[in-house]
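**Q** Got a structure for you, questions after.
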Amino acid sequence: MSFTLKIKDKVEERELDGELTIKDLLDDLELSSETVVSKKNGEIVIDEEKIEDGDEIEFIQIIYGG
């Protein structure tokens with residue numbers, strides 16, 4: 001079982017071993033939910049959303065400034 005991960009211009013296929021949530025993946029990548037927007041299959045989701053086989057997960061960096 002696997003899912004697709006998109007971050008910036010990088011796209012990679014990742015293996016899905018057991019139950020994984022968006023938060024678990026963010027922690028693994030050392031990213032904060034305060035600095036990225038998480039999308040699953042094109043829809044914005046919360047950190048507790050479970051990742052399933054065949055999902056497309058995308059993390060979009062939030063840019064701060066003024």
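Here's how to read the names in the structure tokens: chain A, B, ... by the order shown, residue numbers from 1 in each chain, ligand numbers from 1 in the order shown.
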Which residues are close to Ile46 in chain A, i.e. within 10 Å by only C-alpha atoms, leaving aside same-chain residues fewer than 4 positions away? Reply as a PDB file with N, CA and C atoms, in the first residue's frame.

**A**
```pdb
ATOM      1  N   THR A  21      -1.432   9.244  10.136  1.00  0.00           N
ATOM      2  CA  THR A  21      -2.232  10.460  10.034  1.00  0.00           C
ATOM      3  C   THR A  21      -1.385  11.572   9.427  1.00  0.00           C
ATOM      4  N   ILE A  22      -2.050  12.655   9.051  1.00  0.00           N
ATOM      5  CA  ILE A  22      -1.337  13.826   8.545  1.00  0.00           C
ATOM      6  C   ILE A  22      -0.325  14.303   9.582  1.00  0.00           C
ATOM      7  N   LYS A  23      -0.718  14.330  10.850  1.00  0.00           N
ATOM      8  CA  LYS A  23       0.183  14.773  11.921  1.00  0.00           C
ATOM      9  C   LYS A  23       1.416  13.878  12.006  1.00  0.00           C
ATOM     10  N   SER A  33       2.287  22.084  11.494  1.00  0.00           N
ATOM     11  CA  SER A  33       0.984  22.381  10.898  1.00  0.00           C
ATOM     12  C   SER A  33       0.703  23.883  10.916  1.00  0.00           C
ATOM     13  N   VAL A  37      -0.250  24.115   4.862  1.00  0.00           N
ATOM     14  CA  VAL A  37      -1.640  23.706   4.693  1.00  0.00           C
ATOM     15  C   VAL A  37      -1.595  22.280   4.170  1.00  0.00           C
ATOM     16  N   SER A  38      -2.380  21.405   4.766  1.00  0.00           N
ATOM     17  CA  SER A  38      -2.404  19.995   4.381  1.00  0.00           C
ATOM     18  C   SER A  38      -3.619  19.713   3.506  1.00  0.00           C
ATOM     19  N   LYS A  39      -3.375  19.038   2.375  1.00  0.00           N
ATOM     20  CA  LYS A  39      -4.460  18.655   1.485  1.00  0.00           C
ATOM     21  C   LYS A  39      -4.399  17.160   1.237  1.00  0.00           C
ATOM     22  N   LYS A  40      -5.577  16.526   1.219  1.00  0.00           N
ATOM     23  CA  LYS A  40      -5.689  15.100   0.893  1.00  0.00           C
ATOM     24  C   LYS A  40      -6.639  14.995  -0.282  1.00  0.00           C
ATOM     25  N   LYS A  50      -6.724  10.510   8.548  1.00  0.00           N
ATOM     26  CA  LYS A  50      -5.965   9.301   8.263  1.00  0.00           C
ATOM     27  C   LYS A  50      -5.592   9.239   6.783  1.00  0.00           C
TER      28      LYS A  50
END
```

**Q** Could you give me, as a PyMOL selection string, the residues within 12 Å of Leu20 in chain A, counting only C-alpha atoms and dropping anything in the same chain fewer than 5 positions from it?

**A** chain A and resi 1-3+14-15+25-28+47-53+55+57

**Q** For the residues in that selection, give me all heavy atoms as a compact mmCIF listing (two decimals), in the first residue's frame.

**A**
```
# COMPACT_ATOMS: atom_id res chain seq x y z
N MET A 1 0.85 -1.18 0.00
CA MET A 1 0.00 0.00 0.00
C MET A 1 0.89 1.23 0.00
O MET A 1 1.93 1.25 0.62
CB MET A 1 -0.90 -0.02 1.22
CG MET A 1 -1.84 -1.21 1.22
SD MET A 1 -3.17 -1.31 2.45
CE MET A 1 -2.99 -0.03 3.56
N SER A 2 0.44 2.26 -0.72
CA SER A 2 1.26 3.46 -0.83
C SER A 2 0.38 4.70 -1.05
O SER A 2 -0.81 4.59 -1.31
CB SER A 2 2.25 3.32 -1.99
OG SER A 2 1.56 3.23 -3.21
N PHE A 3 1.03 5.85 -0.93
CA PHE A 3 0.36 7.12 -1.21
C PHE A 3 1.37 8.05 -1.88
O PHE A 3 2.58 7.80 -1.83
CB PHE A 3 -0.20 7.76 0.08
CG PHE A 3 0.84 8.17 1.09
CD1 PHE A 3 1.30 9.47 1.13
CD2 PHE A 3 1.36 7.26 2.00
CE1 PHE A 3 2.26 9.86 2.06
CE2 PHE A 3 2.31 7.63 2.93
CZ PHE A 3 2.76 8.94 2.95
N ARG A 14 5.27 7.03 -1.46
CA ARG A 14 5.70 6.53 -0.15
C ARG A 14 4.90 5.30 0.23
O ARG A 14 3.72 5.21 -0.07
CB ARG A 14 5.50 7.60 0.92
CG ARG A 14 6.50 8.73 0.80
CD ARG A 14 6.49 9.51 2.08
NE ARG A 14 7.80 10.08 2.29
CZ ARG A 14 8.32 10.34 3.46
NH1 ARG A 14 7.64 10.07 4.55
NH2 ARG A 14 9.50 10.87 3.57
N GLU A 15 5.57 4.41 0.92
CA GLU A 15 4.92 3.20 1.41
C GLU A 15 4.06 3.55 2.62
O GLU A 15 4.41 4.42 3.42
CB GLU A 15 5.95 2.14 1.79
CG GLU A 15 6.65 1.53 0.61
CD GLU A 15 5.69 0.84 -0.35
OE1 GLU A 15 4.82 0.09 0.10
OE2 GLU A 15 5.81 1.08 -1.57
N LEU A 25 2.81 12.21 9.61
CA LEU A 25 3.64 12.51 8.45
C LEU A 25 4.35 13.85 8.63
O LEU A 25 5.55 13.97 8.34
CB LEU A 25 2.79 12.51 7.18
CG LEU A 25 3.53 12.68 5.86
CD1 LEU A 25 4.63 11.65 5.69
CD2 LEU A 25 2.55 12.61 4.70
N LEU A 26 3.65 14.85 9.13
CA LEU A 26 4.27 16.15 9.40
C LEU A 26 5.41 15.99 10.40
O LEU A 26 6.50 16.56 10.20
CB LEU A 26 3.25 17.15 9.94
CG LEU A 26 2.25 17.71 8.94
CD1 LEU A 26 1.17 18.50 9.66
CD2 LEU A 26 2.94 18.58 7.90
N ASP A 27 5.19 15.23 11.46
CA ASP A 27 6.24 15.00 12.46
C ASP A 27 7.44 14.30 11.84
O ASP A 27 8.59 14.67 12.10
CB ASP A 27 5.70 14.17 13.63
CG ASP A 27 4.72 14.93 14.50
OD1 ASP A 27 4.63 16.18 14.39
OD2 ASP A 27 4.01 14.28 15.30
N ASP A 28 7.18 13.30 11.00
CA ASP A 28 8.25 12.56 10.34
C ASP A 28 9.09 13.46 9.44
O ASP A 28 10.30 13.29 9.34
CB ASP A 28 7.64 11.42 9.52
CG ASP A 28 8.69 10.52 8.90
OD1 ASP A 28 9.60 10.10 9.62
OD2 ASP A 28 8.58 10.24 7.69
N ASP A 47 -5.14 17.76 10.92
CA ASP A 47 -3.99 16.91 11.24
C ASP A 47 -4.38 15.48 11.58
O ASP A 47 -3.59 14.56 11.39
CB ASP A 47 -3.21 17.49 12.42
CG ASP A 47 -2.51 18.79 12.07
OD1 ASP A 47 -2.52 19.19 10.90
OD2 ASP A 47 -1.93 19.40 12.99
N GLU A 48 -5.57 15.27 12.11
CA GLU A 48 -5.98 13.94 12.54
C GLU A 48 -6.49 13.07 11.39
O GLU A 48 -6.82 11.90 11.60
CB GLU A 48 -7.07 14.05 13.63
CG GLU A 48 -6.56 14.58 14.95
CD GLU A 48 -6.39 16.09 14.97
OE1 GLU A 48 -7.04 16.79 14.17
OE2 GLU A 48 -5.58 16.57 15.79
N GLU A 49 -6.55 13.63 10.19
CA GLU A 49 -7.03 12.88 9.02
C GLU A 49 -6.12 11.68 8.76
O GLU A 49 -4.90 11.79 8.75
CB GLU A 49 -7.05 13.79 7.80
CG GLU A 49 -7.60 13.17 6.56
CD GLU A 49 -9.12 13.07 6.58
OE1 GLU A 49 -9.78 13.82 7.32
OE2 GLU A 49 -9.64 12.23 5.83
N LYS A 50 -6.72 10.51 8.55
CA LYS A 50 -5.96 9.30 8.26
C LYS A 50 -5.59 9.24 6.78
O LYS A 50 -6.39 9.60 5.92
CB LYS A 50 -6.78 8.06 8.64
CG LYS A 50 -6.97 7.91 10.12
CD LYS A 50 -7.77 6.67 10.44
CE LYS A 50 -8.02 6.61 11.94
NZ LYS A 50 -8.91 5.51 12.30
N ILE A 51 -4.39 8.77 6.53
CA ILE A 51 -3.91 8.58 5.16
C ILE A 51 -4.22 7.14 4.77
O ILE A 51 -3.94 6.21 5.51
CB ILE A 51 -2.40 8.87 5.07
CG1 ILE A 51 -2.13 10.33 5.47
CG2 ILE A 51 -1.89 8.58 3.66
CD1 ILE A 51 -0.67 10.67 5.60
N GLU A 52 -4.80 6.98 3.57
CA GLU A 52 -5.20 5.65 3.11
C GLU A 52 -4.49 5.33 1.79
O GLU A 52 -3.96 6.21 1.12
CB GLU A 52 -6.72 5.61 2.94
CG GLU A 52 -7.45 5.87 4.25
CD GLU A 52 -8.94 6.07 4.07
OE1 GLU A 52 -9.38 6.35 2.94
OE2 GLU A 52 -9.66 5.96 5.08
N ASP A 53 -4.53 4.07 1.44
CA ASP A 53 -3.89 3.60 0.21
C ASP A 53 -4.40 4.39 -1.00
O ASP A 53 -5.61 4.57 -1.17
CB ASP A 53 -4.19 2.11 0.03
CG ASP A 53 -3.46 1.52 -1.16
OD1 ASP A 53 -2.29 1.88 -1.37
OD2 ASP A 53 -4.06 0.70 -1.87
N ASP A 55 -4.02 7.58 -1.62
CA ASP A 55 -4.24 9.01 -1.38
C ASP A 55 -3.12 9.85 -1.98
O ASP A 55 -1.98 9.40 -2.14
CB ASP A 55 -4.32 9.33 0.12
CG ASP A 55 -5.66 8.98 0.73
OD1 ASP A 55 -6.63 8.75 -0.02
OD2 ASP A 55 -5.73 8.92 1.97
N ILE A 57 -1.32 13.27 -0.96
CA ILE A 57 -1.14 14.22 0.13
C ILE A 57 -0.25 15.35 -0.38
O ILE A 57 0.80 15.11 -0.96
CB ILE A 57 -0.49 13.56 1.36
CG1 ILE A 57 -1.26 12.32 1.80
CG2 ILE A 57 -0.30 14.56 2.48
CD1 ILE A 57 -2.69 12.59 2.22
```

**Q** Report, in Å with one decimal, the straight-line distance from CA of Glu58 in chain A to CA of Glu19 in chain A.

**A**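 Result for CA of Glu58 in chain A versus CA of Glu19 in chain A: 18.0 Å, one decimal.
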
**Q** Ranking A:Val45, A:Ile60, A:Val36, A:Leu29 by minimum distance to Lys8 in chain A and counting only C-alpha atoms, which one comes first?

**A** A:Ile60

**Q** Using Å and a single decimal, report how far CA of Ile7 in chain A sits from CA of Glu34 in chain A.

**A**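 Going from CA of Glu34 in chain A over to CA of Ile7 in chain A, I get 15.4 Å.
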
**Q** Taking the backbone alone, and naming residues the way the document does, which bits of chain A are strand (DSSP E) by DSSP, as a short mmCIF file (atom, residue, chain, number, x, y, z; two decimals) with all heavy atoms, in the first residue's frame?

**A**
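part-v6.cif written:
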```cif
data_model
loop_
_atom_site.label_atom_id
_atom_site.label_comp_id
_atom_site.auth_asym_id
_atom_site.auth_seq_id
_atom_site.Cartn_x
_atom_site.Cartn_y
_atom_site.Cartn_z
N SER A 2 0.44 2.26 -0.72
CA SER A 2 1.26 3.46 -0.83
C SER A 2 0.38 4.70 -1.05
O SER A 2 -0.81 4.59 -1.31
CB SER A 2 2.25 3.32 -1.99
OG SER A 2 1.56 3.23 -3.21
N PHE A 3 1.03 5.85 -0.93
CA PHE A 3 0.36 7.12 -1.21
C PHE A 3 1.37 8.05 -1.88
O PHE A 3 2.58 7.80 -1.83
CB PHE A 3 -0.20 7.76 0.08
CG PHE A 3 0.84 8.17 1.09
CD1 PHE A 3 1.30 9.47 1.13
CD2 PHE A 3 1.36 7.26 2.00
CE1 PHE A 3 2.26 9.86 2.06
CE2 PHE A 3 2.31 7.63 2.93
CZ PHE A 3 2.76 8.94 2.95
N THR A 4 0.87 9.10 -2.51
CA THR A 4 1.71 10.09 -3.18
C THR A 4 1.85 11.31 -2.29
O THR A 4 0.87 11.80 -1.75
CB THR A 4 1.10 10.51 -4.53
OG1 THR A 4 0.91 9.34 -5.32
CG2 THR A 4 1.98 11.50 -5.26
N LEU A 5 3.08 11.79 -2.14
CA LEU A 5 3.37 12.97 -1.33
C LEU A 5 3.92 14.07 -2.21
O LEU A 5 4.88 13.85 -2.96
CB LEU A 5 4.38 12.62 -0.22
CG LEU A 5 4.87 13.77 0.63
CD1 LEU A 5 3.72 14.40 1.43
CD2 LEU A 5 5.97 13.31 1.57
N LYS A 6 3.31 15.26 -2.13
CA LYS A 6 3.78 16.43 -2.88
C LYS A 6 4.18 17.52 -1.90
O LYS A 6 3.39 17.91 -1.04
CB LYS A 6 2.68 16.99 -3.78
CG LYS A 6 2.27 16.11 -4.92
CD LYS A 6 1.23 16.81 -5.76
CE LYS A 6 0.82 15.99 -6.94
NZ LYS A 6 -0.14 16.69 -7.79
N ILE A 7 5.41 17.98 -2.03
CA ILE A 7 5.89 19.12 -1.25
C ILE A 7 6.66 20.01 -2.22
O ILE A 7 7.63 19.56 -2.84
CB ILE A 7 6.83 18.71 -0.10
CG1 ILE A 7 6.15 17.72 0.83
CG2 ILE A 7 7.30 19.93 0.67
CD1 ILE A 7 7.04 17.19 1.92
N LYS A 10 8.50 18.74 -5.44
CA LYS A 10 8.87 17.34 -5.31
C LYS A 10 7.62 16.46 -5.19
O LYS A 10 6.70 16.77 -4.46
CB LYS A 10 9.75 17.13 -4.07
CG LYS A 10 11.12 17.75 -4.20
CD LYS A 10 11.93 17.65 -2.92
CE LYS A 10 11.93 16.27 -2.32
NZ LYS A 10 12.77 16.17 -1.11
N VAL A 11 7.63 15.36 -5.92
CA VAL A 11 6.55 14.37 -5.85
C VAL A 11 7.21 13.03 -5.61
O VAL A 11 8.15 12.65 -6.32
CB VAL A 11 5.73 14.32 -7.15
CG1 VAL A 11 4.68 13.25 -7.07
CG2 VAL A 11 5.10 15.68 -7.45
N GLU A 12 6.76 12.32 -4.58
CA GLU A 12 7.32 11.00 -4.33
C GLU A 12 6.24 10.03 -3.88
O GLU A 12 5.23 10.42 -3.30
CB GLU A 12 8.44 11.07 -3.29
CG GLU A 12 8.00 11.51 -1.91
CD GLU A 12 9.17 11.59 -0.93
OE1 GLU A 12 9.96 12.53 -1.04
OE2 GLU A 12 9.25 10.70 -0.06
N GLU A 13 6.47 8.78 -4.19
CA GLU A 13 5.59 7.70 -3.78
C GLU A 13 6.14 7.16 -2.47
O GLU A 13 7.33 6.88 -2.37
CB GLU A 13 5.57 6.61 -4.86
CG GLU A 13 4.44 5.65 -4.75
CD GLU A 13 3.10 6.21 -5.16
OE1 GLU A 13 3.05 7.24 -5.86
OE2 GLU A 13 2.09 5.62 -4.77
N ARG A 14 5.27 7.03 -1.46
CA ARG A 14 5.70 6.53 -0.15
C ARG A 14 4.90 5.30 0.23
O ARG A 14 3.72 5.21 -0.07
CB ARG A 14 5.50 7.60 0.92
CG ARG A 14 6.50 8.73 0.80
CD ARG A 14 6.49 9.51 2.08
NE ARG A 14 7.80 10.08 2.29
CZ ARG A 14 8.32 10.34 3.46
NH1 ARG A 14 7.64 10.07 4.55
NH2 ARG A 14 9.50 10.87 3.57
N GLU A 15 5.57 4.41 0.92
CA GLU A 15 4.92 3.20 1.41
C GLU A 15 4.06 3.55 2.62
O GLU A 15 4.41 4.42 3.42
CB GLU A 15 5.95 2.14 1.79
CG GLU A 15 6.65 1.53 0.61
CD GLU A 15 5.69 0.84 -0.35
OE1 GLU A 15 4.82 0.09 0.10
OE2 GLU A 15 5.81 1.08 -1.57
N LEU A 20 -1.53 5.78 9.56
CA LEU A 20 -0.74 7.00 9.51
C LEU A 20 -1.70 8.18 9.37
O LEU A 20 -2.64 8.13 8.59
CB LEU A 20 0.21 6.94 8.30
CG LEU A 20 1.23 8.05 8.14
CD1 LEU A 20 2.28 7.98 9.25
CD2 LEU A 20 1.92 7.96 6.79
N THR A 21 -1.43 9.24 10.14
CA THR A 21 -2.23 10.46 10.03
C THR A 21 -1.39 11.57 9.43
O THR A 21 -0.16 11.45 9.33
CB THR A 21 -2.74 10.93 11.41
OG1 THR A 21 -1.62 11.30 12.21
CG2 THR A 21 -3.57 9.86 12.11
N VAL A 36 2.28 24.98 7.28
CA VAL A 36 1.83 24.37 6.03
C VAL A 36 0.33 24.14 6.05
O VAL A 36 -0.28 24.01 7.11
CB VAL A 36 2.53 23.02 5.74
CG1 VAL A 36 4.01 23.17 5.54
CG2 VAL A 36 2.22 22.00 6.81
N VAL A 37 -0.25 24.11 4.86
CA VAL A 37 -1.64 23.71 4.69
C VAL A 37 -1.59 22.28 4.17
O VAL A 37 -0.84 21.97 3.25
CB VAL A 37 -2.37 24.62 3.68
CG1 VAL A 37 -3.75 24.08 3.35
CG2 VAL A 37 -2.46 26.03 4.22
N SER A 38 -2.38 21.41 4.77
CA SER A 38 -2.40 20.00 4.38
C SER A 38 -3.62 19.71 3.51
O SER A 38 -4.73 20.08 3.86
CB SER A 38 -2.48 19.11 5.63
OG SER A 38 -1.41 19.40 6.50
N LYS A 39 -3.37 19.04 2.37
CA LYS A 39 -4.46 18.65 1.49
C LYS A 39 -4.40 17.16 1.24
O LYS A 39 -3.32 16.60 1.07
CB LYS A 39 -4.35 19.41 0.16
CG LYS A 39 -4.56 20.91 0.29
CD LYS A 39 -4.36 21.62 -1.02
CE LYS A 39 -5.62 21.54 -1.85
NZ LYS A 39 -5.48 22.30 -3.11
N LYS A 40 -5.58 16.53 1.22
CA LYS A 40 -5.69 15.10 0.89
C LYS A 40 -6.64 15.00 -0.28
O LYS A 40 -7.79 15.43 -0.20
CB LYS A 40 -6.23 14.33 2.10
CG LYS A 40 -6.52 12.88 1.83
CD LYS A 40 -7.08 12.20 3.08
CE LYS A 40 -7.64 10.85 2.76
NZ LYS A 40 -8.23 10.21 3.96
N GLU A 43 -8.48 18.22 -1.14
CA GLU A 43 -9.31 18.87 -0.12
C GLU A 43 -8.46 19.20 1.11
O GLU A 43 -7.67 18.37 1.55
CB GLU A 43 -10.45 17.96 0.31
CG GLU A 43 -11.40 17.57 -0.81
CD GLU A 43 -12.27 18.72 -1.29
OE1 GLU A 43 -12.62 19.57 -0.47
OE2 GLU A 43 -12.60 18.75 -2.49
N ILE A 44 -8.64 20.38 1.67
CA ILE A 44 -7.93 20.76 2.90
C ILE A 44 -8.44 19.88 4.04
O ILE A 44 -9.64 19.70 4.20
CB ILE A 44 -8.13 22.25 3.22
CG1 ILE A 44 -7.48 23.09 2.11
CG2 ILE A 44 -7.55 22.61 4.59
CD1 ILE A 44 -7.74 24.58 2.24
N LYS A 50 -6.72 10.51 8.55
CA LYS A 50 -5.96 9.30 8.26
C LYS A 50 -5.59 9.24 6.78
O LYS A 50 -6.39 9.60 5.92
CB LYS A 50 -6.78 8.06 8.64
CG LYS A 50 -6.97 7.91 10.12
CD LYS A 50 -7.77 6.67 10.44
CE LYS A 50 -8.02 6.61 11.94
NZ LYS A 50 -8.91 5.51 12.30
N ILE A 51 -4.39 8.77 6.53
CA ILE A 51 -3.91 8.58 5.16
C ILE A 51 -4.22 7.14 4.77
O ILE A 51 -3.94 6.21 5.51
CB ILE A 51 -2.40 8.87 5.07
CG1 ILE A 51 -2.13 10.33 5.47
CG2 ILE A 51 -1.89 8.58 3.66
CD1 ILE A 51 -0.67 10.67 5.60
N GLU A 56 -3.47 11.10 -2.30
CA GLU A 56 -2.49 12.09 -2.72
C GLU A 56 -2.46 13.16 -1.63
O GLU A 56 -3.45 13.83 -1.39
CB GLU A 56 -2.89 12.71 -4.05
CG GLU A 56 -1.89 13.74 -4.54
CD GLU A 56 -2.27 14.33 -5.88
OE1 GLU A 56 -2.09 13.64 -6.90
OE2 GLU A 56 -2.77 15.46 -5.88
N ILE A 57 -1.32 13.27 -0.96
CA ILE A 57 -1.14 14.22 0.13
C ILE A 57 -0.25 15.35 -0.38
O ILE A 57 0.80 15.11 -0.96
CB ILE A 57 -0.49 13.56 1.36
CG1 ILE A 57 -1.26 12.32 1.80
CG2 ILE A 57 -0.30 14.56 2.48
CD1 ILE A 57 -2.69 12.59 2.22
N GLU A 58 -0.68 16.58 -0.13
CA GLU A 58 0.09 17.75 -0.56
C GLU A 58 0.24 18.70 0.62
O GLU A 58 -0.71 18.97 1.33
CB GLU A 58 -0.61 18.45 -1.71
CG GLU A 58 0.16 19.64 -2.25
CD GLU A 58 -0.50 20.27 -3.46
OE1 GLU A 58 -1.63 19.88 -3.81
OE2 GLU A 58 0.11 21.17 -4.04
N PHE A 59 1.47 19.17 0.83
CA PHE A 59 1.74 20.17 1.85
C PHE A 59 2.14 21.47 1.13
O PHE A 59 3.07 21.48 0.33
CB PHE A 59 2.87 19.73 2.79
CG PHE A 59 2.51 18.54 3.64
CD1 PHE A 59 3.39 17.48 3.77
CD2 PHE A 59 1.30 18.48 4.29
CE1 PHE A 59 3.06 16.39 4.55
CE2 PHE A 59 0.96 17.38 5.09
CZ PHE A 59 1.85 16.32 5.20
N ILE A 60 1.40 22.54 1.44
CA ILE A 60 1.65 23.84 0.82
C ILE A 60 2.19 24.78 1.88
O ILE A 60 1.55 25.01 2.91
CB ILE A 60 0.34 24.41 0.22
CG1 ILE A 60 -0.22 23.42 -0.80
CG2 ILE A 60 0.60 25.78 -0.40
CD1 ILE A 60 -1.60 23.74 -1.26
N GLN A 61 3.40 25.30 1.63
CA GLN A 61 4.06 26.19 2.58
C GLN A 61 3.32 27.51 2.68
O GLN A 61 2.97 28.11 1.66
CB GLN A 61 5.50 26.44 2.13
CG GLN A 61 6.35 27.16 3.14
CD GLN A 61 6.77 26.26 4.29
OE1 GLN A 61 7.09 25.10 4.09
NE2 GLN A 61 6.75 26.80 5.48
#
```

**Q** Please, which residues of chain A, numbered as in this document, come out helix (DSSP H, G or I) from DSSP, as a CSV table (one decimal) with N, CA and C atoms, in the first residue's frame?

**A**
```csv
chain,number,residue,atom,x,y,z
A,22,ILE,N,-2.1,12.7,9.1
A,22,ILE,CA,-1.3,13.8,8.5
A,22,ILE,C,-0.3,14.3,9.6
A,23,LYS,N,-0.7,14.3,10.8
A,23,LYS,CA,0.2,14.8,11.9
A,23,LYS,C,1.4,13.9,12.0
A,24,ASP,N,1.2,12.6,11.9
A,24,ASP,CA,2.4,11.6,11.9
A,24,ASP,C,3.3,11.9,10.8
A,25,LEU,N,2.8,12.2,9.6
A,25,LEU,CA,3.6,12.5,8.5
A,25,LEU,C,4.4,13.8,8.6
A,26,LEU,N,3.6,14.9,9.1
A,26,LEU,CA,4.3,16.1,9.4
A,26,LEU,C,5.4,16.0,10.4
A,27,ASP,N,5.2,15.2,11.5
A,27,ASP,CA,6.2,15.0,12.5
A,27,ASP,C,7.4,14.3,11.8
A,28,ASP,N,7.2,13.3,11.0
A,28,ASP,CA,8.2,12.6,10.3
A,28,ASP,C,9.1,13.5,9.4
```
